[in-house]
$ cat entry12.cif   # mmCIF, C-alpha atoms and all ligand atoms
data_protein
loop_
_atom_site.label_atom_id
_atom_site.label_comp_id
_atom_site.auth_asym_id
_atom_site.auth_seq_id
_atom_site.Cartn_x
_atom_site.Cartn_y
_atom_site.Cartn_z
CA MET A 1 9.11 -2.50 30.11
CA ASN A 2 9.53 -4.65 27.05
CA LYS A 3 12.60 -3.05 25.49
CA ILE A 4 11.41 -3.82 21.99
CA SER A 5 9.77 -1.34 19.67
CA TYR A 6 8.67 -1.95 16.12
CA HIS A 7 6.42 1.04 15.45
CA ASN A 8 8.46 4.20 14.84
CA HIS A 9 8.04 7.01 12.34
CA THR A 10 10.38 9.58 10.78
CA TYR A 11 10.08 13.13 9.46
CA LEU A 12 9.35 11.69 6.01
CA CYS A 13 5.65 11.21 6.84
CA LYS A 14 5.39 14.98 7.49
CA HIS A 15 3.73 14.63 10.90
CA ALA A 16 6.67 13.18 12.83
CA ILE A 17 10.17 14.39 13.61
CA GLY A 18 13.55 12.67 13.63
CA GLU A 19 15.60 10.38 11.41
CA PRO A 20 16.22 6.68 11.98
CA MET A 21 19.60 7.60 13.51
CA ASP A 22 17.92 9.77 16.19
CA TYR A 23 15.43 7.04 17.14
CA ILE A 24 18.02 4.29 17.29
CA LYS A 25 20.49 6.40 19.27
CA ARG A 26 17.78 7.01 21.88
CA ALA A 27 16.76 3.32 21.90
CA VAL A 28 20.40 2.32 22.52
CA GLU A 29 20.58 4.79 25.42
CA LEU A 30 17.48 3.13 26.89
CA HIS A 31 18.96 -0.38 26.37
CA TYR A 32 16.36 -1.58 23.90
CA ARG A 33 17.15 -4.98 22.39
CA GLU A 34 15.10 -4.89 19.16
CA PHE A 35 14.10 -1.78 17.28
CA GLY A 36 12.16 -1.44 14.05
CA MET A 37 11.55 1.61 11.88
CA SER A 38 8.08 1.55 10.33
CA ASP A 39 7.20 4.91 8.88
CA HIS A 40 4.00 5.38 6.84
CA GLY A 41 4.87 3.79 3.51
CA PRO A 42 4.20 5.01 0.00
CA LEU A 43 0.82 3.86 -1.28
CA VAL A 44 -1.73 5.88 -3.20
CA PRO A 45 0.19 8.60 -5.12
CA GLY A 46 -0.73 12.04 -3.87
CA TRP A 47 -1.73 10.92 -0.37
CA GLY A 48 -0.43 13.61 1.93
CA LEU A 49 1.06 12.30 5.12
CA ARG A 50 3.55 9.75 3.87
CA MET A 51 6.84 9.41 2.06
CA THR A 52 7.01 9.02 -1.70
CA MET A 53 8.46 5.97 -3.42
CA LYS A 54 11.49 8.07 -4.35
CA GLN A 55 12.05 9.11 -0.73
CA TYR A 56 11.63 5.49 0.33
CA ARG A 57 14.44 4.38 -1.97
CA GLU A 58 16.73 7.38 -1.74
CA ILE A 59 16.31 8.50 1.86
CA TYR A 60 14.43 6.05 4.10
CA LEU A 61 16.31 2.84 3.34
CA PRO A 62 19.77 4.50 3.16
CA GLN A 63 19.15 6.32 6.48
CA ILE A 64 18.25 3.06 8.20
CA ALA A 65 21.33 1.41 6.67
CA LYS A 66 23.50 4.20 8.06
CA ALA A 67 22.04 3.77 11.55
CA LYS A 68 22.54 0.02 11.31
CA GLU A 69 26.17 0.49 10.44
CA LYS A 70 26.70 2.69 13.46
CA TYR A 71 24.68 0.80 16.08
CA GLN A 72 24.34 -2.82 15.00
CA THR A 73 26.65 -4.14 17.69
CA GLN A 74 24.46 -2.54 20.37
CA ILE A 75 20.92 -3.23 19.20
CA GLN A 76 19.12 -5.33 16.59
CA ILE A 77 17.65 -3.03 13.98
CA PHE A 78 14.85 -3.92 11.57
CA GLN A 79 13.25 -2.07 8.68
CA GLY A 80 9.57 -2.03 7.99
CA LEU A 81 6.70 0.20 6.96
CA GLU A 82 3.19 0.90 8.20
CA LEU A 83 0.67 0.58 5.38
CA GLU A 84 -3.04 0.33 4.70
CA TYR A 85 -4.41 -2.72 2.93
CA LEU A 86 -6.14 -2.17 -0.39
CA GLU A 87 -6.73 -5.08 -2.70
CA GLU A 88 -5.16 -3.51 -5.78
CA TYR A 89 -1.71 -3.18 -4.17
CA GLN A 90 -0.73 -6.87 -3.96
CA GLU A 91 2.35 -6.44 -6.12
CA HIS A 92 3.37 -3.30 -4.26
CA TYR A 93 3.41 -5.14 -0.90
CA GLN A 94 5.31 -8.02 -2.45
CA LYS A 95 7.94 -5.70 -3.88
CA LEU A 96 8.37 -3.76 -0.65
CA LEU A 97 8.86 -6.98 1.27
CA LEU A 98 11.92 -7.73 -0.87
CA ASP A 99 13.69 -4.89 1.02
CA LEU A 100 11.88 -5.03 4.33
CA ASP A 101 11.79 -7.25 7.40
CA TYR A 102 8.12 -6.64 8.14
CA LEU A 103 4.99 -4.67 7.35
CA ILE A 104 2.55 -3.24 9.88
CA LEU A 105 -1.08 -3.01 8.86
CA GLY A 106 -2.32 0.43 9.91
CA GLN A 107 -5.77 0.75 8.33
CA HIS A 108 -6.53 4.48 8.26
CA VAL A 109 -8.95 4.24 5.34
CA CYS A 110 -11.93 2.16 4.31
CA TYR A 111 -14.68 2.51 1.71
CA TYR A 112 -17.80 4.64 1.95
CA LYS A 113 -20.22 4.62 -0.98
CA ASN A 114 -17.49 2.90 -3.02
CA LYS A 115 -15.01 5.71 -2.42
CA ILE A 116 -11.91 5.77 -0.23
CA HIS A 117 -12.91 7.14 3.17
CA ASP A 118 -10.62 8.53 5.87
CA ILE A 119 -11.61 6.79 9.13
CA TYR A 120 -10.74 9.94 11.11
CA ARG A 121 -13.60 11.80 9.38
CA PHE A 122 -16.54 9.76 10.62
CA MET A 123 -17.59 6.16 11.17
CA ASN A 124 -21.00 4.54 10.78
CA ASP A 125 -22.24 0.99 10.24
CA GLU A 126 -21.18 0.98 6.59
CA THR A 127 -17.65 2.25 7.18
CA LEU A 128 -17.29 -0.04 10.18
CA GLU A 129 -18.06 -3.07 8.00
CA SER A 130 -15.65 -1.88 5.35
CA TYR A 131 -12.89 -1.27 7.93
CA LYS A 132 -13.38 -4.77 9.32
CA ASP A 133 -13.40 -6.37 5.85
CA LEU A 134 -10.19 -4.61 4.77
CA VAL A 135 -8.38 -5.41 8.01
CA ILE A 136 -9.36 -9.07 7.74
CA GLN A 137 -8.38 -9.24 4.06
CA GLY A 138 -5.07 -7.59 4.96
CA MET A 139 -4.39 -10.16 7.66
CA GLU A 140 -5.36 -13.00 5.34
CA SER A 141 -3.00 -11.66 2.65
CA GLY A 142 -0.01 -12.79 4.70
CA PHE A 143 1.89 -9.53 4.06
CA PHE A 144 1.50 -8.11 7.57
CA LYS A 145 3.01 -9.26 10.86
CA ILE A 146 1.32 -6.72 13.11
CA LEU A 147 -2.10 -5.07 13.11
CA ALA A 148 -1.56 -1.54 14.45
CA HIS A 149 -4.27 -0.02 16.66
CA PRO A 150 -6.96 -2.59 15.68
CA ASP A 151 -9.42 -0.53 17.74
CA VAL A 152 -8.81 2.74 15.85
CA PHE A 153 -12.26 2.29 14.28
CA MET A 154 -13.64 3.73 17.53
CA TYR A 155 -11.87 7.06 16.94
CA LYS A 156 -14.91 8.61 15.30
CA HIS A 157 -17.51 5.99 16.12
CA PRO A 158 -20.10 7.40 18.52
CA LYS A 159 -20.64 4.38 20.75
CA TRP A 160 -19.42 0.98 21.80
CA ASN A 161 -22.33 -1.33 21.03
CA GLN A 162 -23.26 -4.80 19.84
CA LYS A 163 -22.03 -4.01 16.33
CA THR A 164 -18.59 -2.82 17.48
CA GLU A 165 -18.28 -5.89 19.70
CA GLU A 166 -19.20 -8.14 16.77
CA ILE A 167 -16.63 -6.69 14.39
CA SER A 168 -14.02 -6.67 17.17
CA ARG A 169 -14.50 -10.40 17.68
CA GLN A 170 -14.19 -11.03 13.95
CA ILE A 171 -10.95 -9.03 13.83
CA ILE A 172 -9.52 -10.78 16.89
CA GLU A 173 -10.42 -14.24 15.58
CA SER A 174 -8.92 -13.48 12.18
CA ALA A 175 -5.70 -12.24 13.84
CA ILE A 176 -5.47 -15.54 15.73
CA ASN A 177 -6.13 -17.62 12.61
CA ASN A 178 -3.59 -15.67 10.55
CA HIS A 179 -0.93 -15.36 13.29
CA VAL A 180 -1.04 -11.59 13.20
CA ILE A 181 -0.06 -9.71 16.35
CA LEU A 182 -2.62 -7.25 17.78
CA GLU A 183 -0.95 -4.01 18.77
CA ILE A 184 -1.80 -2.09 21.94
CA ASN A 185 -1.03 1.34 20.55
CA VAL A 186 0.67 3.72 22.96
CA ASN A 187 0.08 6.84 20.88
CA GLY A 188 -3.62 6.96 21.82
CA ILE A 189 -2.57 7.03 25.49
CA ARG A 190 -0.70 10.26 24.75
CA GLN A 191 -4.13 11.82 24.21
CA LYS A 192 -6.58 12.50 27.04
CA PRO A 193 -8.42 9.55 28.64
CA PHE A 194 -12.18 9.69 29.12
CA LEU A 195 -14.95 7.71 30.81
CA ASN A 196 -16.81 5.07 28.77
CA ASP A 197 -20.50 4.16 29.23
CA LYS A 198 -19.62 1.99 32.20
CA ASN A 199 -17.74 4.86 33.83
CA GLN A 200 -14.40 3.16 33.28
CA ILE A 201 -11.36 5.16 32.25
CA THR A 202 -10.34 4.41 28.68
CA TYR A 203 -8.44 5.99 25.81
CA ILE A 204 -9.71 6.53 22.31
CA TYR A 205 -7.23 3.70 21.69
CA PRO A 206 -6.30 1.37 23.27
CA ARG A 207 -10.01 1.12 23.94
CA LEU A 208 -10.75 -0.79 27.14
CA GLU A 209 -13.83 -2.54 25.76
CA PHE A 210 -11.84 -3.92 22.81
CA TRP A 211 -8.90 -5.17 24.87
CA SER A 212 -11.21 -6.73 27.46
CA LEU A 213 -12.54 -8.84 24.59
CA VAL A 214 -8.99 -9.75 23.46
CA ALA A 215 -8.36 -10.98 27.00
CA GLU A 216 -11.08 -13.61 26.45
CA TYR A 217 -8.89 -15.22 23.78
CA PRO A 218 -5.81 -16.81 25.38
CA THR A 219 -4.21 -17.57 21.99
CA ALA A 220 -4.35 -13.98 20.72
CA LEU A 221 -0.86 -12.52 20.23
CA THR A 222 -0.40 -8.98 21.49
CA MET A 223 2.38 -6.43 21.60
CA ILE A 224 2.94 -2.90 22.82
CA GLY A 225 3.37 -0.55 19.85
CA GLU A 226 4.92 2.75 20.82
CA ASP A 227 3.96 4.44 17.52
CA ASN A 228 6.58 7.09 18.21
CA HIS A 229 6.46 10.23 16.09
CA ASP A 230 9.33 11.82 18.06
CA PRO A 231 12.48 10.05 19.32
CA ALA A 232 12.05 11.75 22.71
CA LEU A 233 8.88 9.69 23.29
CA ILE A 234 10.57 6.28 23.23
CA GLY A 235 9.79 4.46 26.47
CA ASP A 236 7.77 7.39 27.86
CA GLU A 237 5.15 7.34 30.63
CA ALA A 238 2.45 6.32 28.11
CA CYS A 239 4.40 3.10 27.43
CA VAL A 240 4.33 2.30 31.15
CA ILE A 241 0.56 2.92 31.23
CA ALA A 242 0.12 0.56 28.24
CA CYS A 243 2.15 -2.19 29.95
CA ASN A 244 0.14 -1.78 33.15
CA MET A 245 -3.14 -1.85 31.27
CA ALA A 246 -2.08 -5.08 29.52
CA ARG A 247 -1.08 -6.64 32.81
CA ARG A 248 -4.33 -5.69 34.51
CA LEU A 249 -6.28 -7.36 31.70
CA GLY A 250 -4.13 -10.49 31.90
CA LEU A 251 -2.59 -9.92 28.46
CA LYS A 252 1.03 -10.90 27.89
CA PRO A 253 2.50 -8.71 25.14
CA ILE A 254 5.36 -10.37 23.28
CA THR A 255 8.89 -9.39 24.34
CA LYS A 256 10.67 -10.58 21.20
CA LEU A 257 9.71 -10.55 17.54
CA LEU A 258 12.43 -10.75 14.89
CA GLY A 259 15.47 -10.69 17.13
CA ASP A 260 17.51 -13.72 18.12
ZN ZN B 301 1.47 8.57 11.93
ZN ZN B 302 2.07 4.70 13.17
#
$ encode --input "entry12.cif" --output "structure tokens" --more "lines below"
Ligand SMILES: [Zn+2]
Ligand SMILES: [Zn+2]
Amino acid sequence: MNKISYHNHTYLCKHAIGEPMDYIKRAVELHYREFGMSDHGPLVPGWGLRMTMKQYREIYLPQIAKAKEKYQTQIQIFQGLELEYLEEYQEHYQKLLLDLDYLILGQHVCYYKNKIHDIYRFMNDETLESYKDLVIQGMESGFFKILAHPDVFMYKHPKWNQKTEEISRQIIESAINNHVILEINVNGIRQKPFLNDKNQITYIYPRLEFWSLVAEYPTALTMIGEDNHDPALIGDEACVIACNMARRLGLKPITKLLGD
């Protein structure tokens, strides 16, 4: 196990439980070395499952500070957020980075017929292109260190095909060129596996076909992202499965990011 974790949520996103203190206490118990909080950040006003700007300032940052005060001699603690990339938010990302150690790019939306589209609703060739474009623009922006679940576009896409392979390669190559880390997301492993067209066991993400492609690129940076929405899940069985999957594919997820 890697003993670093940079993808952790809090109750503020309304679909997770626990405060920074609860996560960090558990991470200390498990002898983690580096631990980052990265709840879903404030973006489009009125978007449901995320904290507001006010909560970010008045609750999220102070709660992390409190946990740091208590545990900083036992673990290195970092503060970040998980955010989508949309072109009109340049200043927003810049401002957030004044307080934060890192941003994770978690692209849960794209455009469909010029409107914001939730990628969990459906995916087709048009939304796939838009997802890929936004992810690549996000990586090129320089604001993001990690690309969360790069393969999440398969969540509602009917089939792995030439098109999905093509956009996967473009995403992987852009990550390499922009020094962005590709995240093997553990949270998808907490859902049921299934058989792909080649009768191989895969998860909705990490998707075996995608990570087999990543393995063709020796310079691609990868990491295990626990994407914990509950402190009790830190270092769970799904994390072990993710590590084993990476090893089987010959990937070497990083074991150190911002720590010294
Ligand atoms: Zn979430
Ligand atoms: Zn997440």
$ closest_residue --input "entry12.cif" --among "A:Tyr203, A:Lys70, A:Met1, A:Trp160" --to "Asp236 (chain A)" --atoms "all atoms listed in the file"
A:Met1
$ closest_atom_pairs --input "entry12.cif" --of "region 105-125 of chain A" --to "region 73-89 of chain A" --cutoff "9 Å" --atoms "only C-alpha atoms" --output "tab-separated table"
residue	atom	partner	partner_atom	distance
A:Leu105	CA	A:Leu83	CA	5.3
A:Gly106	CA	A:Glu84	CA	5.3
A:Gln107	CA	A:Glu84	CA	4.6
A:His108	CA	A:Glu84	CA	6.5
A:Val109	CA	A:Glu84	CA	7.1
A:Cys110	CA	A:Leu86	CA	8.6
$ write_last_selection --input "entry12.cif" --atoms "C-alpha atoms" --output "PDB file, in the coordinates of the input"
ATOM      1  CA  LEU A 105      -1.080  -3.010   8.860  1.00  0.00           C
ATOM      2  CA  GLY A 106      -2.320   0.430   9.910  1.00  0.00           C
ATOM      3  CA  GLN A 107      -5.770   0.750   8.330  1.00  0.00           C
ATOM      4  CA  HIS A 108      -6.530   4.480   8.260  1.00  0.00           C
ATOM      5  CA  VAL A 109      -8.950   4.240   5.340  1.00  0.00           C
ATOM      6  CA  CYS A 110     -11.930   2.160   4.310  1.00  0.00           C
TER       7      CYS A 110
END
$ closest_residue --input "entry12.cif" --among "A:Tyr93, A:His157, A:Tyr112, A:His117" --to "Phe143 (chain A)" --atoms "all atoms listed in the file"
A:Tyr93
$ residues_around --input "entry12.cif" --residues "region 149-154 of chain A" --least-positions-apart "6" --cutoff "9 Å" --atoms "all atoms listed in the file" --output "number ranges by chain"
A: 105-108, 119-120, 123, 127-128, 131-132, 135, 160, 164, 168, 171-172, 182-186, 188, 204-207, 210-211, 225
$ closest_residue --input "entry12.cif" --among "A:Glu34, A:Asp39, A:Glu91, A:Glu209" --to "Tyr71 (chain A)" --atoms "all atoms listed in the file"
A:Glu34
$ residues_near_ligand --input "entry12.cif" --ligand "ligand ZN 302 (chain B)" --cutoff "8 Å" --atoms "all atoms listed in the file" --output "NGL selection string"
:A and (7-9 or 38-40 or 82 or 106 or 148 or 227-229)
$ closest_residue --input "entry12.cif" --among "A:Arg57, A:Lys192, A:Lys68, A:Lys256" --to "Met37 (chain A)" --atoms "only C-alpha atoms"
A:Lys68
$ atom_distance --input "entry12.cif" --atom1 "CA of Pro158 (chain A)" --atom2 "CA of Leu134 (chain A)"
20.8 Å
$ atom_distance --input "entry12.cif" --atom1 "CA of Ile254 (chain A)" --atom2 "CA of Met223 (chain A)"
5.2 Å
$ atom_distance --input "entry12.cif" --atom1 "CA of Ala65 (chain A)" --atom2 "CA of Thr10 (chain A)"
14.3 Å
$ closest_residue --input "entry12.cif" --among "A:Glu226, A:Gln55, A:Phe144, A:Val44" --to "ligand ZN 301 (chain B)" --atoms "all atoms listed in the file"
A:Glu226
$ closest_residue --input "entry12.cif" --among "A:Pro193, A:Leu221, A:Glu126, A:Pro42" --to "Asn114 (chain A)" --atoms "only C-alpha atoms"
A:Glu126
$ decode --input "entry12.cif" --residues "region 59-184 of chain A" --atoms "C-alpha atoms" --output "mmCIF file, in the first residue's frame"
data_model
loop_
_atom_site.group_PDB
_atom_site.id
_atom_site.type_symbol
_atom_site.label_atom_id
_atom_site.label_comp_id
_atom_site.auth_asym_id
_atom_site.auth_seq_id
_atom_site.Cartn_x
_atom_site.Cartn_y
_atom_site.Cartn_z
ATOM 1 C CA ILE A 59 -15.850 25.788 7.404
ATOM 2 C CA TYR A 60 -13.636 23.813 5.009
ATOM 3 C CA LEU A 61 -10.363 25.714 5.366
ATOM 4 C CA PRO A 62 -10.713 26.284 9.156
ATOM 5 C CA GLN A 63 -11.540 22.582 9.708
ATOM 6 C CA ILE A 64 -8.431 21.503 7.825
ATOM 7 C CA ALA A 65 -6.368 24.037 9.795
ATOM 8 C CA LYS A 66 -7.692 22.563 13.034
ATOM 9 C CA ALA A 67 -6.754 19.031 11.966
ATOM 10 C CA LYS A 68 -3.313 20.252 10.919
ATOM 11 C CA GLU A 69 -2.760 21.791 14.307
ATOM 12 C CA LYS A 70 -3.625 18.539 16.021
ATOM 13 C CA TYR A 71 -1.842 16.047 13.769
ATOM 14 C CA GLN A 72 0.934 17.834 11.899
ATOM 15 C CA THR A 73 3.715 16.123 13.815
ATOM 16 C CA GLN A 74 2.346 12.719 12.783
ATOM 17 C CA ILE A 75 1.398 13.180 9.141
ATOM 18 C CA GLN A 76 1.870 15.722 6.351
ATOM 19 C CA ILE A 77 -1.476 17.324 5.592
ATOM 20 C CA PHE A 78 -2.368 19.167 2.393
ATOM 21 C CA GLN A 79 -5.426 21.107 1.310
ATOM 22 C CA GLY A 80 -6.935 20.910 -2.118
ATOM 23 C CA LEU A 81 -10.211 20.709 -3.985
ATOM 24 C CA GLU A 82 -11.664 18.581 -6.755
ATOM 25 C CA LEU A 83 -13.090 20.745 -9.529
ATOM 26 C CA GLU A 84 -14.342 20.599 -13.086
ATOM 27 C CA TYR A 85 -12.627 22.670 -15.752
ATOM 28 C CA LEU A 86 -14.715 25.286 -17.517
ATOM 29 C CA GLU A 87 -13.027 28.018 -19.484
ATOM 30 C CA GLU A 88 -14.812 30.919 -17.815
ATOM 31 C CA TYR A 89 -13.438 30.112 -14.345
ATOM 32 C CA GLN A 90 -9.757 30.995 -14.869
ATOM 33 C CA GLU A 91 -9.737 33.632 -12.157
ATOM 34 C CA HIS A 92 -11.621 31.378 -9.771
ATOM 35 C CA TYR A 93 -8.953 28.639 -10.047
ATOM 36 C CA GLN A 94 -6.213 31.210 -9.627
ATOM 37 C CA LYS A 95 -7.806 32.621 -6.496
ATOM 38 C CA LEU A 96 -8.415 29.209 -4.950
ATOM 39 C CA LEU A 97 -4.797 28.261 -5.527
ATOM 40 C CA LEU A 98 -3.731 31.153 -3.299
ATOM 41 C CA ASP A 99 -5.076 29.112 -0.337
ATOM 42 C CA LEU A 100 -4.576 25.598 -1.640
ATOM 43 C CA ASP A 101 -1.711 23.188 -2.212
ATOM 44 C CA TYR A 102 -3.283 21.515 -5.232
ATOM 45 C CA LEU A 103 -6.346 21.086 -7.406
ATOM 46 C CA ILE A 104 -7.689 17.806 -8.761
ATOM 47 C CA LEU A 105 -9.442 17.893 -12.107
ATOM 48 C CA GLY A 106 -12.614 15.819 -11.752
ATOM 49 C CA GLN A 107 -14.553 16.448 -14.966
ATOM 50 C CA HIS A 108 -18.155 15.473 -14.206
ATOM 51 C CA VAL A 109 -19.654 17.739 -16.858
ATOM 52 C CA CYS A 110 -19.131 18.525 -20.519
ATOM 53 C CA TYR A 111 -21.171 20.273 -23.214
ATOM 54 C CA TYR A 112 -24.059 18.834 -25.194
ATOM 55 C CA LYS A 113 -25.750 21.060 -27.766
ATOM 56 C CA ASN A 114 -23.906 24.016 -26.205
ATOM 57 C CA LYS A 115 -25.381 23.357 -22.768
ATOM 58 C CA ILE A 116 -23.709 21.979 -19.648
ATOM 59 C CA HIS A 117 -24.240 18.215 -19.601
ATOM 60 C CA ASP A 118 -23.883 15.855 -16.639
ATOM 61 C CA ILE A 119 -21.687 12.955 -17.820
ATOM 62 C CA TYR A 120 -23.593 10.554 -15.553
ATOM 63 C CA ARG A 121 -26.754 11.106 -17.636
ATOM 64 C CA PHE A 122 -25.566 9.736 -20.967
ATOM 65 C CA MET A 123 -22.559 9.809 -23.265
ATOM 66 C CA ASN A 124 -22.400 9.782 -27.067
ATOM 67 C CA ASP A 125 -19.832 10.839 -29.654
ATOM 68 C CA GLU A 126 -20.561 14.537 -29.142
ATOM 69 C CA THR A 127 -20.307 14.484 -25.345
ATOM 70 C CA LEU A 128 -17.236 12.264 -25.553
ATOM 71 C CA GLU A 129 -15.461 14.858 -27.715
ATOM 72 C CA SER A 130 -16.489 17.628 -25.368
ATOM 73 C CA TYR A 131 -15.316 15.682 -22.299
ATOM 74 C CA LYS A 132 -11.948 15.063 -23.950
ATOM 75 C CA ASP A 133 -11.580 18.716 -25.017
ATOM 76 C CA LEU A 134 -12.374 20.057 -21.535
ATOM 77 C CA VAL A 135 -10.061 17.596 -19.806
ATOM 78 C CA ILE A 136 -7.224 18.481 -22.168
ATOM 79 C CA GLN A 137 -7.851 22.223 -21.790
ATOM 80 C CA GLY A 138 -7.909 21.740 -18.019
ATOM 81 C CA MET A 139 -4.578 19.936 -18.072
ATOM 82 C CA GLU A 140 -3.084 22.572 -20.357
ATOM 83 C CA SER A 141 -4.271 25.341 -18.006
ATOM 84 C CA GLY A 142 -1.634 24.350 -15.471
ATOM 85 C CA PHE A 143 -4.078 24.624 -12.541
ATOM 86 C CA PHE A 144 -4.418 20.889 -11.912
ATOM 87 C CA LYS A 145 -1.883 18.388 -10.576
ATOM 88 C CA ILE A 146 -4.038 15.288 -10.852
ATOM 89 C CA LEU A 147 -6.680 14.118 -13.314
ATOM 90 C CA ALA A 148 -9.231 12.151 -11.277
ATOM 91 C CA HIS A 149 -10.842 9.095 -12.883
ATOM 92 C CA PRO A 150 -9.772 10.008 -16.454
ATOM 93 C CA ASP A 151 -11.824 7.018 -17.641
ATOM 94 C CA VAL A 152 -15.097 8.189 -16.032
ATOM 95 C CA PHE A 153 -16.355 8.988 -19.546
ATOM 96 C CA MET A 154 -17.126 5.270 -19.847
ATOM 97 C CA TYR A 155 -19.660 5.452 -16.994
ATOM 98 C CA LYS A 156 -22.577 5.951 -19.360
ATOM 99 C CA HIS A 157 -20.889 5.191 -22.659
ATOM 100 C CA PRO A 158 -22.308 2.005 -24.170
ATOM 101 C CA LYS A 159 -19.133 0.470 -25.572
ATOM 102 C CA TRP A 160 -15.370 0.550 -25.657
ATOM 103 C CA ASN A 161 -14.547 1.153 -29.319
ATOM 104 C CA GLN A 162 -12.134 2.881 -31.668
ATOM 105 C CA LYS A 163 -13.470 6.290 -30.669
ATOM 106 C CA THR A 164 -13.002 5.710 -26.927
ATOM 107 C CA GLU A 165 -9.499 4.403 -27.579
ATOM 108 C CA GLU A 166 -8.695 7.479 -29.655
ATOM 109 C CA ILE A 167 -9.827 9.974 -27.042
ATOM 110 C CA SER A 168 -8.111 7.940 -24.315
ATOM 111 C CA ARG A 169 -4.805 8.221 -26.150
ATOM 112 C CA GLN A 170 -5.263 11.962 -26.571
ATOM 113 C CA ILE A 171 -5.967 12.345 -22.844
ATOM 114 C CA ILE A 172 -2.990 10.187 -21.854
ATOM 115 C CA GLU A 173 -0.622 12.023 -24.198
ATOM 116 C CA SER A 174 -1.813 15.409 -22.942
ATOM 117 C CA ALA A 175 -1.304 14.281 -19.320
ATOM 118 C CA ILE A 176 2.274 13.312 -20.172
ATOM 119 C CA ASN A 177 2.962 16.599 -21.975
ATOM 120 C CA ASN A 178 1.473 18.675 -19.151
ATOM 121 C CA HIS A 179 2.937 16.617 -16.266
ATOM 122 C CA VAL A 180 -0.489 15.797 -14.894
ATOM 123 C CA ILE A 181 -0.874 12.599 -12.879
ATOM 124 C CA LEU A 182 -3.508 10.097 -14.067
ATOM 125 C CA GLU A 183 -5.518 8.789 -11.155
ATOM 126 C CA ILE A 184 -6.560 5.148 -10.791
#
